[in-house]
Each structure stands twice: as C-alpha cells, then as structure tokens.
Amino acid sequence: MVEQSADVYISGPDEAPAAGGTGGSPANTETERGLAEVLADVLKAERVAVDGHFFDDLGANSLVMAQFCARLRKRADLPSPSMKDIYRSPTIRSLAAALAQAAPDPAGVSRPAAPAPPASAGPPPPPPRARHVLCGAAQLLIFLGYSFVAGLVTARGFEWVATGSGFADIYLRSLLFGGLGFTGLCLFPVVAKWLLVGRWKPGEFPVWGLGYLRLWLVKVLLHANPMVLFIGNPLYVLYLRALGARVGRGVTILSHSVPVCTDLLTIGDGAVIRKDAYFQCYRAHAGRIQTGRVTIGRDAFVGEKTVLDIDTSMGDGAQLGHASALYRGQHVPDGARWHGSPAQPTETDYLRVPPAAYGALRRAWFGLGALLQLYFLYLPLFMGGTYLLFTGVPAIGDRLTADTTGLSSAALYTDALVLSLVLFFGLTAVGLVVLYAVPRLLNLLIEPGRVYPLYGFHYVVHRAIARMTNVKFFAWLFGDSSYVVHYLRGIGYNLNQVEQTGSNFGSEFQHETPFLVSIGSGTMVADGLSVLNAEYSSTSFRVAKVSIGARNFLGNNIAYPAGGRTGENCLLATKVMVPLDGEIREGVGLLGSPCFEIPRTVERDTRFDHLRSGDTQRRLLAAKNRHNLGTMALLMGVRWLLAYLLTVLGLAAVDLYGVAGHVVIAGYLAITLAVTTLHYVLAERIITRFRPLQPRLCSIYDPYFWWHERLWKVPDEYLEIFNGTPFKTLVWRMLGVRVGRAVFDDGCFITERTLAAIGDGCTLNAGTKIQCHSQEDGTFKSDRSTLGDGCTLGVSAHVHYGVNMGDGAVLAPDSFLMKGEEVPAHAQWGGNPAADLPVAPEPSPGPGAPTAAQTTAMSSVNGATATVS
C-alpha cells in the first residue's frame, strides 16, 4: 500500500492494494459515484466497489483514508466526511447514506463550536520583533537575578550552619535555616502574585508584552514552589486559597498541573480532581493570552488526563470522565455525568468508591503532621547532610580553606572524576535496591479492595509506594528494550508469560501501585500509559487490580482505569478513552473519546509478521538486545559525563568562592543550565550525525528502528525550563526543528525534531505534542508533520505524523489530530479524533461569564456524537 508521503522509505518490498473490492454492485447515486472515483484515484485502482469494505476488501489504511477525506474537502460537489465517519461507515454506499442524513443534537447537550473566523485573509501577524526580544531579555535578567539571590541566601545560610559546634547546635541551625528558607520560598510566589497582578480577571493580552511577562513570572514561581510537593495534601488547598482561589472544604486535588490565574478558579466543597488534569484558567490563542473562569461544583469529580478550558463549569455532583475535555463555554449540569473530547452526556459512573467517615480534624492533623515532619526531620536532614558532604568529603572541604587554583589544577579533574563516579553510579545502584525492597514491604500494609479513609496511615503508605515506584530515571533506563520487563516484574507488575519482542514497553509509564497491574502475554505498550488502579472520593480511596488482556497493543497517552472493558487482542489507539461499561471488547480496535470500534489490524501492519516468530525472530531479537544494551550504556555514559562536567564546575565554584563570593554560586546555577542544554543538544545531534531524519516504514527488528529508539532516550527534561520563553524555539532550532519566528511555546514536546516544521507566529499550549511517528504491533512508521504560519494547538492537543495544518488553523484542547490529516487554512478543528468544528459567533469582548452563544446547544463535531461507553 502506498503511504501518505512519497518520501517514506519502506523497508522490504511494497505490496499492491488488494484487488478484492473492484467488483460488486454499481453506484446508485451521484454521491456514491463521486466518492468511488476519488477513492479509486487515491488507491491508484481503476475502480472500486461501492459495497467493498475500505479496510478488509480494498486494503486501505487510516493514512490512505485520511488522504481520501482531504481530497473530498477540496470537492465542493461532494460531502466531507471525518475519520470517525469513515470507521463507522466503512463502505462507499454506507458512507454516502450516512453523510446524507443530518444528525440532530441530543436534547440538552451543550456543544462547543469554533468562533467565527476573522475577517482578515491571513494568519495573525507575529508580534513586533522588539517586543519579542525585550521579553526574552527581561526573562533572562529575572532568571539571573533570582539565581543571584538564591545563591546569596544559600551561601549565607550554610556559612551560619557551619559555625555551629556539636550535633545539637548544627541540628538547631539546620532546622532554623531550613524552616525559614522553605517558608520564604512558599510565601514569595504569593507575595509576588499579589504585588504584580493583584486579582486576575477575565480578559486577554498579547504574548511577549508586559502583561504576559507578569503572568510568566507568577507561573514560573508557582511551578518552582516547594508547595507542589504537598499536592494531595490539605495544605495545598490552603495554599491555593492564599493565592486567591475560592476552594471549599474537603476538596482533594491530585493533579500536578498548578493553576496560574487562581482568582478565576472556584472549587466547591468535597470536589475531587484526579492527576494530570489541566485547569490553568488561561490559554494561549493566536498569539494572545486569554484568561477565564473555571468553576467546579460541590462534590464534583474530574477524572484523569482531562482538560477544563477557560469559561467552563461543572455543577454540583457533576462528573467528567477520564481522558475528557470541556471546551470553552461548556457546562455540565448538576448531577450530570459527561465524558469525551469534547464532553457529552453518558450513563457511566466514574465515582466508584464509597465514602468513608472520619473526624472533622483529620485533615488538619494530617497537614500539621506533614509540616512537623518536614521542619523537624526532612529539612534538618537535608541541610545537615549537605553540611557533612561539604565538610566530610576532602575533595570539597579542602577547597573551602585552600588557596584558589580555579580550573588549572589537575587534582580538580581527578577529584571530580572520583566524586561523580561514586555519586552517579552509587546512587543508581542504591536506588534500584531500595526501589525493589521498600515498596514490597509497604505493600503488605495495603489490602486491595478495602476502602480506606483519606489522610490516614494507609494513605501515607499508598502515596509512598506510588512515589517510589514511579521514579522516571529507571523507566527511562530500561524502557524501549527487552530489559524493561525484568524491571517491571521487579517492582511488582504481573506480566504473566512474557512474549519478548524487545519493545514490550516504552520508557514513560505510571501507576498508582505496581502490585495490582496484570498485563497479558504478547501485549505491547507505547509511551504514556497511566494505570488508574486507585479510586478516590473526597473522603476515601481504595486500590484495585487492573488487568490488560493478552495480545493487545496500547498506543500513546492512555489512561487505563480499574474495570476497563477490554479483553484480548485489542488495539487501543493513542489518547483513546477506555470504556468502563458495556460488553468486553475483544478482537477489535478502539479509537477516540468516547471510543468507537475500528479494525484491529490492517494490511500494512502485518507486512512484517514473518519477522515476529521462529528462528528469524530469535536471531533478530538477540541482535536488538545487544543494540539496546549499547544504547543503555551509551546514554548512561552521556548522563554521567554531564554529572562529571557539573562536578568540575561545582568544585571550581567552591575553589573560587573565597575570591568571588556569592556571585560564584549564581554564576554556577546559570552555567549549569547552559551546559546541560548544550550537552544534550550536542549528544542528540552527534547520534543523528547532524543529518535530518527521513520518513520510514519498517519493522521493529530493522536496525534503523533500534537506532531511532536511541534518539528517544536522549534526556530532554531540560526543555521544560524554557517553556514560555523565546529561548525554547532557539533550543528547538539547535535540535533541528524548522521553527519560524516569534513562535510561542508554552510546553510543547516534539518527538522527532527534524521531521517537524512550525511556521511563523504559531501558538503551542502546555501539554501539546507533535509526534512524527507511530508504532503498531511490530511496525514502525514515521513521516513529516507541518504547522503553517499562525497555527494554534490547544492545551494537551496531540498531532500525529504525516499531518499538514494550513495557515491560521486551530486545533482545540485535548484533540487528537490523526495521521495523514490535512487541516485547511483558517479551519477550526477539535475532538478525538479531530474533525471540523461548527462555527459560532465570537463572544463579546470584556470580562464576565460566557455569552449565550457559547452556552447554548451547538451542533456536534462534524455530526459525530456516537457514545461507546
């Protein structure tokens, strides 16, 4: 089958399209005839049967059908289907009949709609270059100033602690300095927010301006705030109130996405917000920041991996399911249950754990206990341990009193070599032992299926297990290799009888507890799986077993809840919403939110099946394992080399401290960021030999794929520091992304840098992802994705490979733009899978609640409102 891009290199012989669908009954209508002609042209066939199944009979795949839809959008005389229409009506005859019917909206459903397109013909103009440069310069100066103050305070504090005599004196000094330092770090963002902003109000302002600079500074201070360590603790709720949020009693927040415009956030008593939920109260759109209210009612429930856009609300007792989104202007009525992206009514109950009774003071005692542990145990241990490190390690302590030698001493490099080796590899080994031993002991205290009250002993144990077993370093180290199955078994996963493929799991996955995860034989999992094997109410929690069947393939960014209704031999597509009700699905694929059935496998994904069994598979798997071992050793070496470089700079800073004073520490913090960035950029470019990637279609046992996996393992956590600054696009260019000028990137991630192109003035929101590849079972595919000038990607939107977005196009929050899609210029798309959004009048400017045009019932996304619960 011919791929979407003519540039795709195909490993192995290509195969002609299936010929089985060329017969059959003739077309009965002009629409059927027109659709058949376009499809035949895409398939490069003489003719196609109108009753031939697109995938089973005609040999098409999703890329081909996306190209088919794109061509139809250019034909004014033919209807334009979405990919959901293709899957639900998989023949020309059924598709023509479905498109001829106008599906009315379900009664009472508030449907989102795209705002009316602007009158101008082109994309929004990029901001003036001077404003862009001045904002970046101001952000750099703020960072340097903050580093200097932090260095000054830290140095003075450690000098004071070091003058103590005896254990008790050092402990008390560590307690006092650590406590004051922690309190100051927590209070500083609150004071800065009230001084710089006052109260946030609904409105909008351009990026890179003074208003944006204030928002960025508040956001950075909040994200760097140590109070984020208290997420899941009642203290975090009190902190949000100090920032201006109206948060009721008994609220449980588990999401690490910190709201920024807190004055616009209202959360009622007893509400529950699961992790990875976005409710920032601001978004970026077409080069402007828009702020708006987010209201969550009393006893409401917000599921995992959800997005609440600005000007959205949930009534009392309302529920928003996992992997769902509320678009701007949507409202969930009191007691209603909604799910999907965009959300729509459902009968599924997502609040499945009964409440637990506990005293009114439990939350207060729990928060107070956490503070006492922090101030009297953890902070003194950290401060005292750092003091002992500086005084007890000769490589450091001797430099505090010796004459200055700077970078010219040979002993500096020898000491740094020994110190970095011991710390890096020693901590790795100790961490792995602790990870395998301690959670298993703690797990003996938790009984599956039993309802425990929140904020008690068992809650502390459960949270400790989750924190320890979700350490990203070891998932990064062992992921995308055969060795990840041994790691997962070691921390508690039940993997049954493993059918080793060398790519059973990616390198990004998380869980509530690893001891209640069961994955069937032959199942493969891509990056981003979140296993939801703990259920929460505002007063209780329980852990439950999650079982994923055999011979499944799970795509990227999936939240799999306890009680998921999938069995064996299923394909769960990227960002799919796993069903909780109905029959158990087997032998099918599931796509979308809400999900609907698609073919489990198409011809293209079975072309390499002969490499997945017998002696051929064993030989290739052994070669892949050797290559993966080399990758692991290489990337561990890359990480250690950075640790060595930073240790050299750190020892030199200690050596120069007596001459340059506190400026050395501030300089060290800034140099550390620059060295880390350049180090990993250079490592990635060396691996690619400074050449761009080319589109590919190959087996996971092709040596090219093993090399491509190596690119995925180059660390990229440093990119988050540059979010919301002009320096993010500079780093992307260094990595090979073709980025236009004045691009606003608030937290986008690009997997294959040199396969992505981003036009001038694009707006990329937090949590967005441009993924220029896909892996389904044993087949790997990659292709270029292009965003035209002035495009906007909404919060947590996901763009697949082979995609083209025209100038000024908009992709709504939490949308999944499927592979091969072509979005016309200035179009407004949204949904999972994404399709053309209907157009509604633009809301009137100015602060306040959503207009009537936003909250009245709108037509559904391209007429597709199927619910598969």
# chains A, B, ... in the order shown; residues from 1 in each chain; ligands from 1

call {"tool": "residues_around", "arguments": {"residues": "Ala40 (chain A)", "least_positions_apart": "5", "cutoff": "12 Å", "atoms": "only C-alpha atoms", "output": "ChimeraX atom specification"}}
result
/A:17-19,21-22,33-35,45-50,52,54,58-60,64-65,67-68,71,92

call {"tool": "residues_around", "arguments": {"residues": "Glu508 (chain A)", "least_positions_apart": "2", "cutoff": "10 Å", "atoms": "only C-alpha atoms", "output": "list in words"}}
result
Asn470, Lys472, Phe473, Phe474, Ala475, Trp476, Gly479, Asp480, Phe505, Gly506, Gln510, Val525, Ala526, Asp527, Gly528, Leu529, Ser530, Asn556 and Asn557 of chain A

call {"tool": "write_last_selection", "arguments": {"atoms": "N, CA and C atoms", "output": "PDB file, in the first residue's frame"}}
result
ATOM      1  N   ASN A 470       7.353   5.153  40.828  1.00  0.00           N
ATOM      2  CA  ASN A 470       7.189   5.930  39.600  1.00  0.00           C
ATOM      3  C   ASN A 470       8.399   6.801  39.301  1.00  0.00           C
ATOM      4  N   LYS A 472      11.159   8.243  37.385  1.00  0.00           N
ATOM      5  CA  LYS A 472      11.281   8.286  35.930  1.00  0.00           C
ATOM      6  C   LYS A 472      12.644   7.798  35.430  1.00  0.00           C
ATOM      7  N   PHE A 473      13.665   7.914  36.273  1.00  0.00           N
ATOM      8  CA  PHE A 473      15.016   7.566  35.816  1.00  0.00           C
ATOM      9  C   PHE A 473      15.089   6.105  35.397  1.00  0.00           C
ATOM     10  N   PHE A 474      14.546   5.198  36.199  1.00  0.00           N
ATOM     11  CA  PHE A 474      14.674   3.774  35.877  1.00  0.00           C
ATOM     12  C   PHE A 474      13.756   3.376  34.721  1.00  0.00           C
ATOM     13  N   ALA A 475      12.597   4.017  34.608  1.00  0.00           N
ATOM     14  CA  ALA A 475      11.758   3.775  33.431  1.00  0.00           C
ATOM     15  C   ALA A 475      12.485   4.217  32.172  1.00  0.00           C
ATOM     16  N   TRP A 476      13.182   5.356  32.253  1.00  0.00           N
ATOM     17  CA  TRP A 476      13.981   5.825  31.117  1.00  0.00           C
ATOM     18  C   TRP A 476      15.101   4.849  30.803  1.00  0.00           C
ATOM     19  N   GLY A 479      13.345   1.270  29.681  1.00  0.00           N
ATOM     20  CA  GLY A 479      12.282   1.299  28.679  1.00  0.00           C
ATOM     21  C   GLY A 479      12.796   1.165  27.266  1.00  0.00           C
ATOM     22  N   ASP A 480      11.876   0.786  26.354  1.00  0.00           N
ATOM     23  CA  ASP A 480      12.219   0.587  24.938  1.00  0.00           C
ATOM     24  C   ASP A 480      13.320  -0.450  24.770  1.00  0.00           C
ATOM     25  N   PHE A 505       7.441  -2.420  26.223  1.00  0.00           N
ATOM     26  CA  PHE A 505       7.022  -1.184  26.877  1.00  0.00           C
ATOM     27  C   PHE A 505       7.917  -0.046  26.407  1.00  0.00           C
ATOM     28  N   GLY A 506       7.343   1.153  26.383  1.00  0.00           N
ATOM     29  CA  GLY A 506       8.142   2.344  26.139  1.00  0.00           C
ATOM     30  C   GLY A 506       8.887   2.749  27.397  1.00  0.00           C
ATOM     31  N   GLN A 510       3.194   5.093  34.178  1.00  0.00           N
ATOM     32  CA  GLN A 510       2.973   5.368  35.591  1.00  0.00           C
ATOM     33  C   GLN A 510       1.799   4.550  36.096  1.00  0.00           C
ATOM     34  N   VAL A 525       3.058  -2.017  24.750  1.00  0.00           N
ATOM     35  CA  VAL A 525       2.575  -0.747  25.283  1.00  0.00           C
ATOM     36  C   VAL A 525       3.516   0.365  24.846  1.00  0.00           C
ATOM     37  N   ALA A 526       2.967   1.418  24.211  1.00  0.00           N
ATOM     38  CA  ALA A 526       3.759   2.578  23.824  1.00  0.00           C
ATOM     39  C   ALA A 526       3.890   3.529  25.014  1.00  0.00           C
ATOM     40  N   ASP A 527       4.516   4.685  24.813  1.00  0.00           N
ATOM     41  CA  ASP A 527       4.744   5.638  25.899  1.00  0.00           C
ATOM     42  C   ASP A 527       3.439   6.254  26.387  1.00  0.00           C
ATOM     43  N   GLY A 528       3.448   6.656  27.661  1.00  0.00           N
ATOM     44  CA  GLY A 528       2.364   7.460  28.202  1.00  0.00           C
ATOM     45  C   GLY A 528       1.240   6.703  28.873  1.00  0.00           C
ATOM     46  N   LEU A 529       1.406   5.386  29.124  1.00  0.00           N
ATOM     47  CA  LEU A 529       0.353   4.632  29.806  1.00  0.00           C
ATOM     48  C   LEU A 529       0.267   5.060  31.270  1.00  0.00           C
ATOM     49  N   SER A 530      -0.944   5.328  31.737  1.00  0.00           N
ATOM     50  CA  SER A 530      -1.199   5.612  33.141  1.00  0.00           C
ATOM     51  C   SER A 530      -2.228   4.610  33.646  1.00  0.00           C
ATOM     52  N   ASN A 556      -0.143   5.680  22.464  1.00  0.00           N
ATOM     53  CA  ASN A 556       0.420   6.685  23.367  1.00  0.00           C
ATOM     54  C   ASN A 556      -0.649   7.365  24.211  1.00  0.00           C
ATOM     55  N   ASN A 557      -0.241   7.746  25.428  1.00  0.00           N
ATOM     56  CA  ASN A 557      -1.019   8.664  26.274  1.00  0.00           C
ATOM     57  C   ASN A 557      -2.406   8.120  26.597  1.00  0.00           C
TER      58      ASN A 557
END

call {"tool": "closest_residue", "arguments": {"among": "A:Thr252, A:Ser89, A:Ser420, A:Thr291", "to": "Leu645 (chain A)", "atoms": "only C-alpha atoms"}}
result
A:Ser420

call {"tool": "residues_around", "arguments": {"residues": "Met818 (chain A)", "least_positions_apart": "3", "cutoff": "9 Å", "atoms": "only C-alpha atoms", "output": "MDAnalysis selection string"}}
result
chainID A and resid 62:63 66 83 798:803 821 832:834

call {"tool": "write_last_selection", "arguments": {"atoms": "N, CA and C atoms", "output": "mmCIF file, in the first residue's frame"}}
result
data_model
loop_
_atom_site.group_PDB
_atom_site.id
_atom_site.type_symbol
_atom_site.label_atom_id
_atom_site.label_comp_id
_atom_site.auth_asym_id
_atom_site.auth_seq_id
_atom_site.Cartn_x
_atom_site.Cartn_y
_atom_site.Cartn_z
ATOM 1 N N SER A 62 -5.571 3.802 7.610
ATOM 2 C CA SER A 62 -6.005 5.112 8.090
ATOM 3 C C SER A 62 -5.303 6.251 7.368
ATOM 4 N N LEU A 63 -4.050 6.064 6.984
ATOM 5 C CA LEU A 63 -3.352 7.110 6.236
ATOM 6 C C LEU A 63 -4.003 7.351 4.880
ATOM 7 N N ALA A 66 -7.317 9.061 5.349
ATOM 8 C CA ALA A 66 -7.138 10.476 5.675
ATOM 9 C C ALA A 66 -6.874 11.277 4.407
ATOM 10 N N MET A 83 -12.764 11.197 9.881
ATOM 11 C CA MET A 83 -12.258 9.841 10.060
ATOM 12 C C MET A 83 -13.232 9.003 10.884
ATOM 13 N N HIS A 798 -2.782 16.737 20.591
ATOM 14 C CA HIS A 798 -1.808 15.751 20.123
ATOM 15 C C HIS A 798 -1.865 15.692 18.595
ATOM 16 N N VAL A 799 -0.741 15.968 17.953
ATOM 17 C CA VAL A 799 -0.643 15.948 16.486
ATOM 18 C C VAL A 799 0.186 14.739 16.072
ATOM 19 N N HIS A 800 -0.395 13.913 15.203
ATOM 20 C CA HIS A 800 0.282 12.695 14.776
ATOM 21 C C HIS A 800 1.151 12.966 13.543
ATOM 22 N N TYR A 801 1.701 11.899 12.989
ATOM 23 C CA TYR A 801 2.644 12.045 11.880
ATOM 24 C C TYR A 801 1.918 12.196 10.541
ATOM 25 N N GLY A 802 2.643 12.751 9.555
ATOM 26 C CA GLY A 802 2.065 12.919 8.233
ATOM 27 C C GLY A 802 0.988 13.977 8.163
ATOM 28 N N VAL A 803 0.973 14.924 9.103
ATOM 29 C CA VAL A 803 -0.107 15.918 9.213
ATOM 30 C C VAL A 803 0.330 17.240 8.597
ATOM 31 N N GLU A 821 -3.823 13.594 8.321
ATOM 32 C CA GLU A 821 -4.873 14.594 8.160
ATOM 33 C C GLU A 821 -4.307 15.884 7.547
ATOM 34 N N ASN A 832 -11.650 14.139 19.469
ATOM 35 C CA ASN A 832 -10.773 12.968 19.450
ATOM 36 C C ASN A 832 -11.537 11.813 18.835
ATOM 37 N N PRO A 833 -11.284 11.512 17.533
ATOM 38 C CA PRO A 833 -10.326 12.153 16.620
ATOM 39 C C PRO A 833 -10.833 13.513 16.155
ATOM 40 N N ALA A 834 -9.889 14.368 15.781
ATOM 41 C CA ALA A 834 -10.226 15.743 15.424
ATOM 42 C C ALA A 834 -10.989 15.799 14.112
#

call {"tool": "closest_residue", "arguments": {"among": "A:Gly778, A:His662, A:Cys69, A:Lys575", "to": "Leu611 (chain A)", "atoms": "only C-alpha atoms"}}
result
A:Gly778

call {"tool": "decode", "arguments": {"residues": "region 710-742 of chain A", "atoms": "N, CA, C and O atoms", "output": "tab-separated table (two decimals), in the first residue's frame"}}
result
chain	number	residue	atom	x	y	z
A	710	ARG	N	17.27	4.92	20.07
A	710	ARG	CA	18.36	5.58	20.79
A	710	ARG	C	18.11	7.09	20.90
A	710	ARG	O	18.40	7.70	21.92
A	711	LEU	N	17.54	7.66	19.85
A	711	LEU	CA	17.21	9.09	19.90
A	711	LEU	C	16.18	9.39	20.98
A	711	LEU	O	16.26	10.42	21.65
A	712	TRP	N	15.21	8.50	21.14
A	712	TRP	CA	14.18	8.72	22.16
A	712	TRP	C	14.75	8.75	23.56
A	712	TRP	O	14.16	9.34	24.47
A	713	LYS	N	15.89	8.11	23.77
A	713	LYS	CA	16.44	8.00	25.12
A	713	LYS	C	17.38	9.15	25.48
A	713	LYS	O	17.87	9.21	26.61
A	714	VAL	N	17.62	10.07	24.54
A	714	VAL	CA	18.43	11.24	24.90
A	714	VAL	C	17.59	12.09	25.87
A	714	VAL	O	16.48	12.49	25.54
A	715	PRO	N	18.07	12.37	27.08
A	715	PRO	CA	17.27	13.11	28.06
A	715	PRO	C	16.82	14.46	27.53
A	715	PRO	O	17.55	15.15	26.82
A	716	ASP	N	15.60	14.85	27.89
A	716	ASP	CA	15.04	16.11	27.39
A	716	ASP	C	14.29	16.87	28.47
A	716	ASP	O	13.54	17.80	28.16
A	717	GLU	N	14.48	16.52	29.74
A	717	GLU	CA	13.77	17.21	30.81
A	717	GLU	C	14.13	18.70	30.87
A	717	GLU	O	13.33	19.53	31.33
A	718	TYR	N	15.33	19.04	30.41
A	718	TYR	CA	15.78	20.42	30.48
A	718	TYR	C	14.91	21.36	29.64
A	718	TYR	O	14.88	22.58	29.88
A	719	LEU	N	14.19	20.81	28.67
A	719	LEU	CA	13.37	21.65	27.80
A	719	LEU	C	12.28	22.39	28.57
A	719	LEU	O	11.89	23.50	28.19
A	720	GLU	N	11.78	21.79	29.66
A	720	GLU	CA	10.69	22.40	30.41
A	720	GLU	C	11.08	23.75	30.99
A	720	GLU	O	10.22	24.62	31.19
A	721	ILE	N	12.36	23.94	31.29
A	721	ILE	CA	12.80	25.20	31.89
A	721	ILE	C	12.56	26.37	30.94
A	721	ILE	O	12.33	27.51	31.37
A	722	PHE	N	12.60	26.11	29.64
A	722	PHE	CA	12.50	27.18	28.65
A	722	PHE	C	11.06	27.45	28.21
A	722	PHE	O	10.83	28.31	27.36
A	723	ASN	N	10.09	26.73	28.76
A	723	ASN	CA	8.70	26.93	28.36
A	723	ASN	C	8.27	28.38	28.55
A	723	ASN	O	8.55	29.00	29.58
A	724	GLY	N	7.59	28.93	27.55
A	724	GLY	CA	7.08	30.29	27.65
A	724	GLY	C	8.10	31.37	27.41
A	724	GLY	O	7.81	32.55	27.64
A	725	THR	N	9.29	31.02	26.92
A	725	THR	CA	10.33	32.00	26.63
A	725	THR	C	10.76	31.88	25.17
A	725	THR	O	10.61	30.82	24.56
A	726	PRO	N	11.34	32.93	24.61
A	726	PRO	CA	11.86	32.83	23.24
A	726	PRO	C	13.01	31.84	23.12
A	726	PRO	O	13.33	31.40	22.00
A	727	PHE	N	13.61	31.47	24.24
A	727	PHE	CA	14.75	30.56	24.19
A	727	PHE	C	14.32	29.13	23.85
A	727	PHE	O	15.13	28.33	23.39
A	728	LYS	N	13.03	28.81	24.05
A	728	LYS	CA	12.55	27.46	23.71
A	728	LYS	C	12.68	27.21	22.22
A	728	LYS	O	13.15	26.15	21.78
A	729	THR	N	12.29	28.18	21.39
A	729	THR	CA	12.41	28.00	19.94
A	729	THR	C	13.87	27.97	19.51
A	729	THR	O	14.21	27.29	18.55
A	730	LEU	N	14.72	28.69	20.22
A	730	LEU	CA	16.15	28.64	19.91
A	730	LEU	C	16.70	27.24	20.14
A	730	LEU	O	17.46	26.71	19.31
A	731	VAL	N	16.29	26.62	21.25
A	731	VAL	CA	16.74	25.25	21.52
A	731	VAL	C	16.17	24.28	20.49
A	731	VAL	O	16.86	23.37	20.01
A	732	TRP	N	14.90	24.47	20.10
A	732	TRP	CA	14.32	23.61	19.06
A	732	TRP	C	15.13	23.72	17.77
A	732	TRP	O	15.39	22.70	17.10
A	733	ARG	N	15.53	24.92	17.40
A	733	ARG	CA	16.34	25.06	16.18
A	733	ARG	C	17.67	24.34	16.32
A	733	ARG	O	18.15	23.71	15.37
A	734	MET	N	18.27	24.42	17.48
A	734	MET	CA	19.53	23.71	17.70
A	734	MET	C	19.35	22.20	17.56
A	734	MET	O	20.26	21.49	17.14
A	735	LEU	N	18.16	21.71	17.91
A	735	LEU	CA	17.88	20.29	17.80
A	735	LEU	C	17.43	19.88	16.40
A	735	LEU	O	17.24	18.68	16.15
A	736	GLY	N	17.23	20.84	15.51
A	736	GLY	CA	16.90	20.51	14.13
A	736	GLY	C	15.47	20.78	13.71
A	736	GLY	O	15.11	20.51	12.56
A	737	VAL	N	14.63	21.31	14.62
A	737	VAL	CA	13.25	21.64	14.24
A	737	VAL	C	13.26	22.87	13.35
A	737	VAL	O	13.97	23.85	13.63
A	738	ARG	N	12.49	22.84	12.29
A	738	ARG	CA	12.34	24.02	11.44
A	738	ARG	C	11.26	24.91	12.05
A	738	ARG	O	10.06	24.68	11.85
A	739	VAL	N	11.69	25.92	12.77
A	739	VAL	CA	10.79	26.79	13.53
A	739	VAL	C	10.85	28.20	12.95
A	739	VAL	O	11.94	28.75	12.74
A	740	GLY	N	9.67	28.77	12.73
A	740	GLY	CA	9.60	30.15	12.26
A	740	GLY	C	9.87	31.14	13.38
A	740	GLY	O	10.18	30.76	14.51
A	741	ARG	N	9.71	32.40	13.09
A	741	ARG	CA	9.99	33.43	14.08
A	741	ARG	C	8.77	33.70	14.95
A	741	ARG	O	7.63	33.47	14.55
A	742	ALA	N	9.05	34.18	16.17
A	742	ALA	CA	8.01	34.60	17.12
A	742	ALA	C	7.02	33.49	17.44
A	742	ALA	O	5.82	33.74	17.62
